[in-house]
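Next comes input.txt, a file with compact mmCIF, C-alpha atoms.
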# COMPACT_ATOMS: atom_id res chain seq x y z
CA MET A 1 -5.25 78.32 -15.67
CA LYS A 2 -2.52 79.56 -17.97
CA ILE A 3 -0.37 77.36 -20.15
CA ASP A 4 2.79 78.63 -21.75
CA GLU A 5 1.70 78.27 -25.37
CA LYS A 6 5.05 78.98 -26.89
CA ILE A 7 6.64 76.09 -25.00
CA VAL A 8 3.90 73.73 -26.13
CA SER A 9 4.09 74.93 -29.73
CA TYR A 10 7.81 74.52 -29.71
CA PHE A 11 7.53 70.93 -28.51
CA GLU A 12 5.21 70.14 -31.41
CA SER A 13 7.48 71.67 -34.03
CA CYS A 14 10.83 70.46 -32.76
CA ASP A 15 12.41 67.26 -34.02
CA SER A 16 11.59 65.08 -31.03
CA PRO A 17 10.05 61.72 -32.01
CA VAL A 18 6.55 61.72 -33.45
CA ASP A 19 4.57 58.72 -32.28
CA LYS A 20 1.87 59.07 -34.88
CA GLU A 21 0.54 61.68 -37.26
CA GLY A 22 -2.18 61.89 -39.86
CA TYR A 23 -5.59 63.28 -40.69
CA LEU A 24 -8.49 62.65 -38.37
CA TYR A 25 -11.97 64.08 -38.33
CA LYS A 26 -12.57 65.84 -35.08
CA LYS A 27 -15.96 66.77 -33.77
CA GLY A 28 -16.03 70.50 -33.23
CA GLU A 29 -15.96 72.03 -29.79
CA ILE A 30 -18.24 74.87 -30.77
CA LYS A 31 -19.78 73.70 -34.04
CA THR A 32 -20.80 70.07 -33.73
CA SER A 33 -19.79 69.04 -37.23
CA TYR A 34 -16.71 66.93 -37.84
CA GLN A 35 -13.74 68.86 -39.19
CA LYS A 36 -10.68 67.45 -40.87
CA ARG A 37 -7.60 68.06 -38.76
CA TRP A 38 -3.94 67.15 -39.08
CA CYS A 39 -3.12 65.43 -35.80
CA VAL A 40 0.31 64.87 -34.30
CA LEU A 41 0.85 62.56 -31.34
CA LYS A 42 4.02 63.16 -29.36
CA GLY A 43 4.32 61.45 -26.01
CA ASN A 44 1.20 62.21 -24.00
CA LEU A 45 0.17 65.18 -26.13
CA LEU A 46 -2.12 65.19 -29.14
CA PHE A 47 -1.72 68.32 -31.24
CA TYR A 48 -4.08 69.31 -33.99
CA LYS A 49 -3.95 71.85 -36.78
CA GLU A 50 -5.54 72.40 -40.15
CA ARG A 51 -2.70 71.29 -42.38
CA PRO A 52 0.66 69.60 -41.78
CA SER A 53 2.53 72.65 -43.03
CA ASP A 54 0.75 75.09 -40.74
CA ARG A 55 2.91 76.74 -38.14
CA ASP A 56 0.03 77.60 -35.83
CA LEU A 57 -1.65 74.93 -33.81
CA ILE A 58 -5.39 75.03 -33.36
CA GLY A 59 -5.06 73.11 -30.12
CA VAL A 60 -3.58 70.39 -27.97
CA ILE A 61 -5.09 67.62 -25.88
CA VAL A 62 -3.16 66.36 -22.84
CA LEU A 63 -3.80 62.63 -22.78
CA GLU A 64 -3.73 62.02 -19.05
CA GLY A 65 -6.63 60.54 -17.17
CA CYS A 66 -8.65 59.50 -20.20
CA THR A 67 -9.64 56.25 -21.83
CA VAL A 68 -9.90 55.59 -25.54
CA GLN A 69 -13.16 54.01 -26.61
CA LEU A 70 -15.01 52.97 -29.71
CA CYS A 71 -18.11 55.04 -29.89
CA GLU A 72 -21.47 55.19 -31.50
CA SER A 73 -21.56 57.83 -34.14
CA GLU A 74 -23.10 58.85 -37.42
CA GLU A 75 -19.53 58.81 -38.62
CA GLN A 76 -17.76 55.62 -39.55
CA PHE A 77 -14.54 54.54 -37.86
CA ALA A 78 -15.25 56.73 -34.86
CA PHE A 79 -13.58 56.63 -31.47
CA SER A 80 -13.49 58.91 -28.49
CA LEU A 81 -11.23 60.13 -25.71
CA VAL A 82 -13.25 59.99 -22.51
CA TRP A 83 -12.59 61.63 -19.17
CA SER A 84 -14.98 60.00 -16.77
CA ASP A 85 -14.96 62.49 -13.90
CA PRO A 86 -18.02 64.71 -13.68
CA GLY A 87 -17.73 67.92 -15.60
CA LEU A 88 -14.95 66.62 -17.80
CA ARG A 89 -15.39 66.18 -21.50
CA THR A 90 -15.24 63.66 -24.29
CA TYR A 91 -13.46 64.29 -27.57
CA LYS A 92 -14.87 62.52 -30.59
CA PHE A 93 -12.85 61.56 -33.60
CA ALA A 94 -13.37 59.63 -36.81
CA ALA A 95 -10.63 58.01 -38.85
CA GLU A 96 -10.56 57.63 -42.61
CA ASP A 97 -10.63 53.84 -42.59
CA GLU A 98 -10.55 50.86 -40.26
CA THR A 99 -6.78 50.49 -40.32
CA SER A 100 -6.28 54.09 -39.39
CA GLN A 101 -8.90 53.82 -36.66
CA GLU A 102 -7.22 50.77 -35.13
CA SER A 103 -3.81 52.31 -35.38
CA TRP A 104 -4.85 55.57 -33.74
CA ILE A 105 -6.70 53.83 -30.92
CA LYS A 106 -3.66 51.67 -30.22
CA ALA A 107 -1.30 54.62 -30.22
CA LEU A 108 -3.52 56.76 -27.98
CA LEU A 109 -4.12 53.95 -25.48
CA SER A 110 -0.44 53.72 -24.70
CA ALA A 111 0.30 57.44 -24.84
CA ASN A 112 0.03 58.16 -21.14
CA HIS A 113 2.98 58.94 -18.91
CA ASN A 114 2.38 56.14 -16.39
CA TYR A 115 2.44 53.46 -19.04
CA LEU A 116 5.90 54.52 -20.12
CA ALA A 117 7.05 54.97 -16.52
CA LEU A 118 6.04 51.41 -15.66
CA LEU A 119 7.78 50.03 -18.72
CA VAL A 120 10.99 51.90 -17.95
CA THR A 121 11.01 50.65 -14.35
CA ASP A 122 10.45 47.12 -15.57
CA MET A 123 13.26 47.37 -18.13
CA GLU A 124 15.58 48.95 -15.60
CA ASN A 125 15.04 46.07 -13.18
CA LYS A 126 15.58 43.51 -15.93
CA TYR A 127 18.78 45.25 -16.95
CA LYS A 128 20.13 45.36 -13.41
CA GLY A 129 19.23 41.72 -13.06
CA GLU A 130 21.49 40.89 -15.97
CA ILE A 131 24.44 42.56 -14.33
CA LYS A 132 24.38 40.76 -11.03
CA THR A 133 26.73 38.74 -8.83
CA LEU A 134 29.76 40.25 -7.34
CA CYS A 135 33.20 39.31 -8.26
CA VAL A 136 36.42 41.05 -7.56
CA PHE A 137 39.41 41.03 -9.75
CA ILE A 138 42.41 40.70 -7.54
CA CYS A 139 45.87 41.05 -8.84
CA VAL A 140 48.57 39.00 -7.35
CA GLY A 141 52.11 39.59 -8.35
CA GLU A 142 55.61 40.33 -7.35
CA LYS A 143 56.16 43.36 -5.25
CA GLU A 144 57.47 45.48 -8.12
CA ASP A 145 54.73 44.32 -10.40
CA ALA A 146 51.94 44.88 -7.90
CA LEU A 147 52.07 48.64 -8.38
CA PHE A 148 51.94 48.31 -12.10
CA TRP A 149 49.10 45.83 -12.07
CA ARG A 150 47.13 47.92 -9.62
CA ALA A 151 47.26 50.75 -12.10
CA ALA A 152 46.35 48.51 -14.99
CA VAL A 153 43.39 46.99 -13.20
CA ARG A 154 42.14 50.40 -12.08
CA CYS A 155 42.23 51.39 -15.71
CA ILE A 156 40.20 48.34 -16.72
CA ALA A 157 37.79 48.95 -13.87
CA SER A 158 37.08 52.52 -14.87
CA LEU A 159 36.57 51.47 -18.48
CA PHE A 160 34.15 48.77 -17.30
CA ALA A 161 32.28 51.30 -15.19
CA ALA A 162 32.07 53.75 -18.06
CA ALA A 163 30.92 51.14 -20.55
CA TYR A 164 28.21 49.76 -18.30
CA GLN A 165 27.45 53.00 -16.51
CA ILE A 166 27.59 51.23 -13.21
CA PRO A 167 28.14 53.56 -10.34
CA SER A 168 30.46 52.97 -7.39
CA LEU A 169 32.73 50.47 -9.04
CA ALA A 170 35.83 49.87 -7.01
CA VAL A 171 38.49 47.30 -7.48
CA VAL A 172 40.45 45.75 -4.73
CA THR A 173 44.00 45.05 -5.64
CA GLY A 174 46.96 43.81 -3.74
CA THR A 175 47.75 40.64 -1.95
CA THR A 176 46.07 41.21 1.41
CA GLY A 177 44.71 38.03 2.79
CA ILE A 178 45.09 36.01 -0.37
CA ARG A 179 47.63 33.27 -0.71
CA SER A 180 49.89 34.07 -3.64
CA PRO A 181 50.07 31.39 -6.27
CA LYS A 182 53.46 30.46 -7.70
CA LEU A 183 54.79 33.40 -9.61
CA ARG A 184 56.98 33.55 -12.56
CA HIS A 185 59.55 36.25 -12.96
CA LYS A 186 59.81 38.71 -15.74
CA GLY A 187 56.67 40.67 -15.16
CA ASN A 188 54.19 37.90 -15.62
CA ALA A 189 51.51 38.46 -13.07
CA ASN A 190 48.41 36.43 -12.68
CA VAL A 191 45.08 38.10 -12.77
CA LEU A 192 42.52 35.93 -11.06
CA PRO A 193 38.84 36.44 -10.68
CA ILE A 194 38.08 35.57 -7.10
CA SER A 195 34.82 35.95 -5.25
CA ALA A 196 35.42 37.92 -2.11
CA PRO A 197 32.98 37.24 0.70
CA ALA A 198 35.07 39.41 2.96
CA LEU A 199 33.99 42.52 1.12
CA PRO A 200 30.89 44.39 2.19
CA VAL A 201 28.32 43.28 -0.33
CA GLY A 202 26.39 46.50 0.09
CA GLU A 203 28.95 48.43 -1.88
CA ARG A 204 29.33 47.30 -5.40
CA SER A 205 32.86 46.09 -5.20
CA GLY A 206 33.24 44.86 -8.67
CA ILE A 207 31.38 43.19 -11.44
CA CYS A 208 31.22 39.69 -12.70
CA LEU A 209 30.31 38.86 -16.21
CA GLY A 210 29.45 35.78 -18.13
CA LYS A 211 32.20 34.05 -20.02
CA GLU A 212 31.38 35.58 -23.38
CA GLU A 213 31.06 39.07 -21.94
CA PHE A 214 34.36 38.87 -20.19
CA SER A 215 36.17 37.53 -23.26
CA LYS A 216 34.96 40.40 -25.35
CA LEU A 217 35.85 43.03 -22.79
CA HIS A 218 39.13 41.27 -22.20
CA GLU A 219 40.01 41.77 -25.83
CA ASP A 220 38.70 45.29 -25.97
CA PHE A 221 40.57 46.53 -22.97
CA GLY A 222 43.53 44.37 -23.76
CA LYS A 223 44.79 46.97 -26.18
CA GLU A 224 45.01 49.57 -23.44
CA VAL A 225 46.72 47.16 -21.09
CA LYS A 226 49.17 46.11 -23.79
CA GLU A 227 50.24 49.68 -24.23
CA LEU A 228 50.63 50.08 -20.48
CA ILE A 229 52.71 46.92 -20.31
CA ALA A 230 54.95 48.07 -23.13
CA GLU A 231 55.47 51.45 -21.52
CA TRP A 232 56.27 50.12 -18.08
CA SER A 233 58.53 47.40 -19.42
CA LYS A 234 60.43 50.01 -21.36
CA GLN A 235 60.86 52.12 -18.23
CA ARG A 236 61.98 49.19 -16.12
CA ARG A 237 64.47 47.83 -18.59
CA GLY A 238 65.88 51.28 -19.13
CA GLY A 239 64.73 51.89 -22.63
CA ALA A 240 65.51 48.47 -24.05
CA ALA A 241 63.00 47.14 -26.52
CA ALA A 242 59.95 45.91 -24.60
CA GLN A 243 58.86 42.40 -25.24
CA GLU A 244 55.21 42.51 -26.05
CA GLU A 245 53.37 40.45 -23.51
CA ASN A 246 50.56 38.24 -24.55
CA LEU A 247 47.24 38.75 -22.99
CA ILE A 248 46.38 36.16 -20.41
CA ASP A 249 44.77 33.24 -22.11
CA PHE A 250 41.61 32.25 -20.31
CA GLY A 251 40.98 29.37 -22.57
CA MET B 1 -4.36 77.78 -28.87
CA ARG B 2 -7.01 75.56 -27.32
CA PHE B 3 -6.26 72.98 -24.70
CA ASN B 4 -8.25 70.73 -22.40
CA GLU B 5 -8.05 73.03 -19.40
CA LYS B 6 -10.53 71.30 -17.10
CA GLU B 7 -8.86 67.96 -17.61
CA LEU B 8 -5.44 69.47 -16.99
CA VAL B 9 -6.69 71.11 -13.78
CA SER B 10 -8.03 67.72 -12.76
CA LEU B 11 -4.57 66.28 -13.40
CA SER B 12 -3.04 68.90 -11.12
CA ARG B 13 -5.09 67.53 -8.22
CA GLN B 14 -3.45 64.10 -8.44
CA PRO B 15 -1.30 63.27 -5.43
CA SER B 16 2.35 63.93 -6.00
CA GLU B 17 5.52 63.26 -4.05
CA MET B 18 7.05 66.43 -5.38
CA ALA B 19 4.93 69.29 -4.08
CA ALA B 20 6.35 72.13 -2.06
CA GLU B 21 6.20 75.81 -1.40
CA MET B 22 9.00 77.75 -2.94
CA GLY B 23 9.88 81.07 -4.42
CA MET B 24 9.10 81.29 -8.11
CA ARG B 25 10.00 83.96 -10.58
CA GLY B 26 8.52 84.20 -14.04
CA PRO B 27 10.61 84.57 -17.17
CA LYS B 28 9.74 88.11 -18.17
CA LYS B 29 11.80 91.13 -17.27
CA GLY B 30 10.25 92.72 -14.26
CA ASP B 31 8.83 89.50 -12.88
CA VAL B 32 9.44 89.20 -9.18
CA LEU B 33 9.90 86.26 -6.85
CA LYS B 34 6.59 85.09 -5.45
CA LYS B 35 5.72 82.35 -3.01
CA ARG B 36 4.04 79.52 -4.84
CA LEU B 37 3.02 75.94 -4.24
CA VAL B 38 4.84 74.05 -6.95
CA LYS B 39 3.71 70.55 -7.87
CA LEU B 40 5.15 68.01 -10.26
CA VAL B 41 2.62 65.71 -11.93
CA VAL B 42 3.74 63.53 -14.84
CA ASN B 43 5.63 65.89 -17.19
CA PHE B 44 3.93 69.06 -16.01
CA LEU B 45 4.94 71.51 -13.34
CA PHE B 46 1.86 73.17 -11.84
CA TYR B 47 2.11 76.25 -9.70
CA PHE B 48 -0.57 77.48 -7.30
CA ARG B 49 -1.09 80.43 -5.03
CA THR B 50 -0.88 78.92 -1.57
CA ASP B 51 -4.27 77.57 -0.48
CA GLU B 52 -5.86 77.90 -3.90
CA GLU B 53 -7.46 74.88 -5.51
CA GLU B 54 -6.82 75.73 -9.11
CA PRO B 55 -3.28 76.23 -10.39
CA ILE B 56 -2.29 79.60 -11.81
CA GLY B 57 -0.41 77.84 -14.55
CA ALA B 58 1.21 74.72 -15.96
CA LEU B 59 4.67 74.28 -17.46
CA LEU B 60 5.31 71.45 -19.90
CA LEU B 61 8.59 69.82 -18.94
CA GLU B 62 9.79 68.83 -22.40
CA GLN B 63 12.65 70.34 -24.39
CA CYS B 64 13.79 72.30 -21.38
CA ARG B 65 17.08 72.70 -19.61
CA VAL B 66 17.04 72.37 -15.83
CA GLN B 67 20.04 73.90 -14.14
CA LYS B 68 21.24 74.63 -10.67
CA GLU B 69 21.61 78.32 -10.01
CA ASP B 70 23.44 79.73 -7.01
CA ASN B 71 22.40 79.09 -3.46
CA GLN B 72 19.39 76.87 -3.33
CA SER B 73 17.84 77.78 -6.64
CA PHE B 74 17.30 76.07 -9.93
CA SER B 75 16.03 77.28 -13.25
CA ILE B 76 14.02 75.81 -16.10
CA ALA B 77 14.85 77.33 -19.47
CA TYR B 78 13.27 76.79 -22.85
CA MET B 79 14.55 77.41 -26.35
CA ASP B 80 17.64 79.13 -25.01
CA GLU B 81 15.62 82.27 -24.62
CA ALA B 82 16.30 84.54 -21.71
CA GLU B 83 12.63 85.46 -21.84
CA ARG B 84 11.74 81.84 -21.15
CA LYS B 85 13.71 81.07 -18.02
CA TYR B 86 11.79 80.33 -14.86
CA LEU B 87 13.56 80.54 -11.52
CA PHE B 88 12.76 78.55 -8.38
CA GLU B 89 14.14 79.12 -4.89
CA CYS B 90 14.07 76.12 -2.59
CA GLY B 91 14.44 75.76 1.15
CA SER B 92 17.67 73.81 1.03
CA GLU B 93 20.35 72.59 -1.32
CA GLU B 94 19.16 69.04 -0.81
CA GLN B 95 15.63 69.97 -1.77
CA CYS B 96 16.93 71.89 -4.75
CA GLN B 97 18.86 68.90 -6.08
CA LYS B 98 15.89 66.61 -5.51
CA TRP B 99 13.69 68.87 -7.60
CA ILE B 100 16.23 69.09 -10.40
CA ASP B 101 16.52 65.29 -10.56
CA SER B 102 12.78 64.76 -10.43
CA ILE B 103 12.05 67.29 -13.16
CA VAL B 104 14.67 65.85 -15.49
CA LYS B 105 13.38 62.32 -14.95
CA ALA B 106 9.76 63.39 -15.49
CA SER B 107 10.29 64.29 -19.13
CA TYR B 108 8.57 61.88 -21.49
CA GLU B 109 11.44 62.12 -23.90
CA PHE B 110 13.96 61.35 -21.17
CA MET B 111 12.00 58.26 -20.20
CA ARG B 112 11.74 57.15 -23.79
CA LYS B 113 15.49 57.42 -24.27
CA ASN B 114 16.04 55.31 -21.15
CA LEU B 115 13.64 52.68 -22.34
CA ILE B 116 15.39 52.42 -25.66
CA TYR B 117 18.76 52.23 -23.91
CA TYR B 118 17.68 49.42 -21.58
CA ARG B 119 15.97 47.59 -24.41
CA THR B 120 19.13 47.70 -26.49
CA GLU B 121 21.38 46.68 -23.62
CA ILE B 122 19.17 43.80 -22.51
CA HIS B 123 19.01 42.59 -26.09
CA ARG B 124 22.76 42.78 -26.31
CA LEU B 125 23.30 40.92 -23.06
CA THR B 126 20.65 38.26 -23.49
CA GLY B 127 20.02 38.05 -27.21
CA LYS B 128 16.32 38.60 -26.56
CA ASP B 129 14.17 41.67 -27.08
CA PRO B 130 12.57 42.35 -23.69
CA LEU B 131 9.56 44.07 -25.26
CA GLU B 132 8.57 40.94 -27.17
CA GLN B 133 6.90 39.37 -24.17
CA TYR B 134 4.54 42.33 -24.05
CA GLY B 135 3.89 42.17 -27.75
CA ILE B 136 4.97 45.74 -28.26
CA SER B 137 8.31 45.41 -30.00
CA GLU B 138 6.94 46.90 -33.18
CA GLU B 139 5.48 50.02 -31.62
CA THR B 140 6.84 53.18 -33.22
CA ARG B 141 7.30 54.64 -29.79
CA PHE B 142 10.14 52.30 -28.88
CA GLN B 143 12.12 52.09 -32.09
CA VAL B 144 15.79 52.77 -32.19
CA THR B 145 16.77 54.90 -35.13
CA ASN B 146 19.92 56.77 -34.34
CA GLY B 147 18.29 57.99 -31.18
CA MET B 148 15.65 59.86 -33.10
CA GLN B 149 12.67 58.76 -35.03
CA PHE B 150 12.25 59.92 -38.54
CA MET B 151 8.72 60.53 -39.65
CA PRO B 152 7.87 62.33 -42.87
CA ARG B 153 6.74 65.76 -41.79
CA ASP B 154 4.54 68.19 -43.64
CA THR B 155 3.27 65.65 -46.09
CA SER B 156 0.58 67.77 -47.68
CA SER B 157 0.02 65.10 -50.30
CA LEU B 158 -1.95 63.08 -47.74

Reformat the file's structure so that it appears as structure tokens.
Amino acid sequence: MKIDEKIVSYFESCDSPVDKEGYLYKKGEIKTSYQKRWCVLKGNLLFYKERPSDRDLIGVIVLEGCTVQLCESEEQFAFSLVWSDPGLRTYKFAAEDETSQESWIKALLSANHNYLALLVTDMENKYKGEIKTLCVFICVGEKEDALFWRAAVRCIASLFAAAYQIPSLAVVTGTTGIRSPKLRHKGNANVLPISAPALPVGERSGICLGKEEFSKLHEDFGKEVKELIAEWSKQRRGGAAAQEENLIDFG
Amino acid sequence: MRFNEKELVSLSRQPSEMAAEMGMRGPKKGDVLKKRLVKLVVNFLFYFRTDEEEPIGALLLEQCRVQKEDNQSFSIAYMDEAERKYLFECGSEEQCQKWIDSIVKASYEFMRKNLIYYRTEIHRLTGKDPLEQYGISEETRFQVTNGMQFMPRDTSSL
């Protein structure tokens, strides 16, 4: 079976993260004596060469399907990479001291692809669990204001979606089906977080955040909204100086 | 360059969701499209002659760019070299997109970046490091250092 060596070499030499590197004594594949090798662990690949500055690799070991074990050896601080299926080999190594031995064994044990895949899935689920519950921001306002606030809330919504990288974020605006609270004139609209059981829960119709989260985002996006308010007010009042609105105080 | 061939061949026999026959063209000038069984296992793409047990070759899916080409094809390119661009022709556009997504997500480095992202976000949202419960928060593998780890390279003084 061929392996594109240049690709593999390139991966070793590029600046992707190195999980561990250092000298190890490796039992020869042809000669059975232990030879000092500079080893570089990146992901699930263990590269080895004579010296750190060498451009050419002597070889690479793909760390899939093996276990890392302490082994009996004439050499001190030895350990081995063992493939248990018949016909497959064992690589023997010896470290320079106990600390190095422990550290290498630990690093190699968790070098396989599945280990990382499981961790990522776990983290992804935890993350999604933190961003749960559905809540829809509905804007209620005077007819003229409704258009403006729809635009403003869409802006906030897309900033939310971008910041949290949550797909399919949509915001329902307008007054359909909701009883309007008492409104004040002069462009003051109320933005109320309301849970909306009427919406199909299957589609992510919005996001709800904890109090602290919302306050922070409220401030952050407030700047954008303030600018929008100023602009629209200017347009409506025909160029007269826009009164800067305060952000809604949520207490 | 030596590598653990037998063990890699053994890896290629692992069951995989992403295994299909498709047209494959090698990177060199003059390479033609050939029917191959292409199989994705961890971060390797193995390719076989149909009905053969041992793969012809293995492609490491790290530091590569996977792109959609026209029709139902995608390419995997390395080091921005024209001489290192492999082309694959799928049966449908849907299949093509599925392969592109799977290959991108199979990269160890891609997975690592995701892990670091989720770790950071969960920490930010909850104030707790989610890796602590596993006792692995100190592992070099998962450290956040401007998205890239810095390790002293070429330290010949060692």

Margin query: Report as number ranges by chain all protein, DNA and RNA residues lying within 8 Å of Phe79 (chain A), evaluated on all atoms listed in the file, omitting residues in the same chain fewer than 5 positions from it.
Written below: A: 68-71, 92-94, 101, 105

Checklist line | Separation of CA of Gly135 (chain B) from CA of Val40 (chain A), in Å and rounded to one decimal | finding: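 Separation between CA of Gly135 (chain B) and CA of Val40 (chain A): 23.9 Å.
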
Next item on the list: Write out as a ChimeraX atom specification each polymer residue whose atoms come within 9 Å of region 106-115 of chain B, counting all atoms listed in the file; drop sequence neighbours fewer than 3 positions from it.
Entry: /A:16-17,43-44,113,116-117,119-121,123-124 /B:40-44,60-63,101-103,118-120,141-142,147

When the cut-off is 6 Å and we count all atoms listed in the file, which residues of chain A are near chain B, given as a JSON list (two decimals) with C-alpha atoms, in the frame of the given file?
[["chain", "number", "residue", "atom", "x", "y", "z"],
["A", 1, "MET", "CA", -5.25, 78.32, -15.67],
["A", 2, "LYS", "CA", -2.52, 79.56, -17.97],
["A", 3, "ILE", "CA", -0.37, 77.36, -20.15],
["A", 17, "PRO", "CA", 10.05, 61.72, -32.01],
["A", 19, "ASP", "CA", 4.57, 58.72, -32.28],
["A", 52, "PRO", "CA", 0.66, 69.60, -41.78],
["A", 53, "SER", "CA", 2.53, 72.65, -43.03],
["A", 58, "ILE", "CA", -5.39, 75.03, -33.36],
["A", 59, "GLY", "CA", -5.06, 73.11, -30.12],
["A", 60, "VAL", "CA", -3.58, 70.39, -27.97],
["A", 61, "ILE", "CA", -5.09, 67.62, -25.88],
["A", 120, "VAL", "CA", 10.99, 51.90, -17.95],
["A", 123, "MET", "CA", 13.26, 47.37, -18.13],
["A", 127, "TYR", "CA", 18.78, 45.25, -16.95]]

Check: If you measure from CA of Lys20 (chain A) to CA of Ala107 (chain A), what distance in Å do you get, rounded to one decimal?
Finding: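 So the answer is 7.2 Å.
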
From the block you just saw, export region 7-24 of chain A: N, CA and C atoms, as a PDB file, in the first residue's frame.
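File written: decode.pdb
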ATOM      1  N   ILE A   7       2.962  14.428   1.705  1.00  0.00           N
ATOM      2  CA  ILE A   7       1.856  14.956   2.510  1.00  0.00           C
ATOM      3  C   ILE A   7       2.140  14.736   3.989  1.00  0.00           C
ATOM      4  N   VAL A   8       2.614  13.531   4.294  1.00  0.00           N
ATOM      5  CA  VAL A   8       2.893  13.170   5.680  1.00  0.00           C
ATOM      6  C   VAL A   8       4.051  14.008   6.225  1.00  0.00           C
ATOM      7  N   SER A   9       5.096  14.131   5.425  1.00  0.00           N
ATOM      8  CA  SER A   9       6.244  14.954   5.814  1.00  0.00           C
ATOM      9  C   SER A   9       5.844  16.389   6.071  1.00  0.00           C
ATOM     10  N   TYR A  10       4.992  16.879   5.179  1.00  0.00           N
ATOM     11  CA  TYR A  10       4.555  18.261   5.308  1.00  0.00           C
ATOM     12  C   TYR A  10       3.806  18.471   6.619  1.00  0.00           C
ATOM     13  N   PHE A  11       2.952  17.507   6.969  1.00  0.00           N
ATOM     14  CA  PHE A  11       2.188  17.629   8.204  1.00  0.00           C
ATOM     15  C   PHE A  11       3.126  17.704   9.410  1.00  0.00           C
ATOM     16  N   GLU A  12       4.210  16.943   9.366  1.00  0.00           N
ATOM     17  CA  GLU A  12       5.158  16.962  10.482  1.00  0.00           C
ATOM     18  C   GLU A  12       5.851  18.308  10.596  1.00  0.00           C
ATOM     19  N   SER A  13       6.209  18.882   9.453  1.00  0.00           N
ATOM     20  CA  SER A  13       7.010  20.104   9.479  1.00  0.00           C
ATOM     21  C   SER A  13       6.203  21.385   9.585  1.00  0.00           C
ATOM     22  N   CYS A  14       4.908  21.309   9.321  1.00  0.00           N
ATOM     23  CA  CYS A  14       4.120  22.538   9.350  1.00  0.00           C
ATOM     24  C   CYS A  14       3.886  22.969  10.788  1.00  0.00           C
ATOM     25  N   ASP A  15       3.284  24.158  10.957  1.00  0.00           N
ATOM     26  CA  ASP A  15       3.166  24.676  12.320  1.00  0.00           C
ATOM     27  C   ASP A  15       1.871  24.293  13.023  1.00  0.00           C
ATOM     28  N   SER A  16       1.322  23.151  12.700  1.00  0.00           N
ATOM     29  CA  SER A  16       0.152  22.679  13.443  1.00  0.00           C
ATOM     30  C   SER A  16       0.640  22.251  14.837  1.00  0.00           C
ATOM     31  N   PRO A  17      -0.262  22.200  15.803  1.00  0.00           N
ATOM     32  CA  PRO A  17       0.162  21.938  17.193  1.00  0.00           C
ATOM     33  C   PRO A  17       0.920  20.624  17.373  1.00  0.00           C
ATOM     34  N   VAL A  18       1.967  20.700  18.167  1.00  0.00           N
ATOM     35  CA  VAL A  18       2.741  19.510  18.521  1.00  0.00           C
ATOM     36  C   VAL A  18       2.257  19.064  19.892  1.00  0.00           C
ATOM     37  N   ASP A  19       1.849  17.817  20.014  1.00  0.00           N
ATOM     38  CA  ASP A  19       1.335  17.355  21.294  1.00  0.00           C
ATOM     39  C   ASP A  19       2.444  16.951  22.248  1.00  0.00           C
ATOM     40  N   LYS A  20       3.525  16.479  21.698  1.00  0.00           N
ATOM     41  CA  LYS A  20       4.689  16.160  22.522  1.00  0.00           C
ATOM     42  C   LYS A  20       5.874  15.907  21.614  1.00  0.00           C
ATOM     43  N   GLU A  21       7.041  16.320  22.053  1.00  0.00           N
ATOM     44  CA  GLU A  21       8.255  15.961  21.304  1.00  0.00           C
ATOM     45  C   GLU A  21       9.422  15.800  22.261  1.00  0.00           C
ATOM     46  N   GLY A  22      10.378  14.995  21.823  1.00  0.00           N
ATOM     47  CA  GLY A  22      11.553  14.756  22.662  1.00  0.00           C
ATOM     48  C   GLY A  22      12.290  13.516  22.188  1.00  0.00           C
ATOM     49  N   TYR A  23      13.403  13.242  22.857  1.00  0.00           N
ATOM     50  CA  TYR A  23      14.187  12.057  22.493  1.00  0.00           C
ATOM     51  C   TYR A  23      13.620  10.810  23.160  1.00  0.00           C
ATOM     52  N   LEU A  24      13.580   9.755  22.401  1.00  0.00           N
ATOM     53  CA  LEU A  24      13.209   8.443  22.926  1.00  0.00           C
ATOM     54  C   LEU A  24      14.163   7.447  22.312  1.00  0.00           C
TER      55      LEU A  24
END
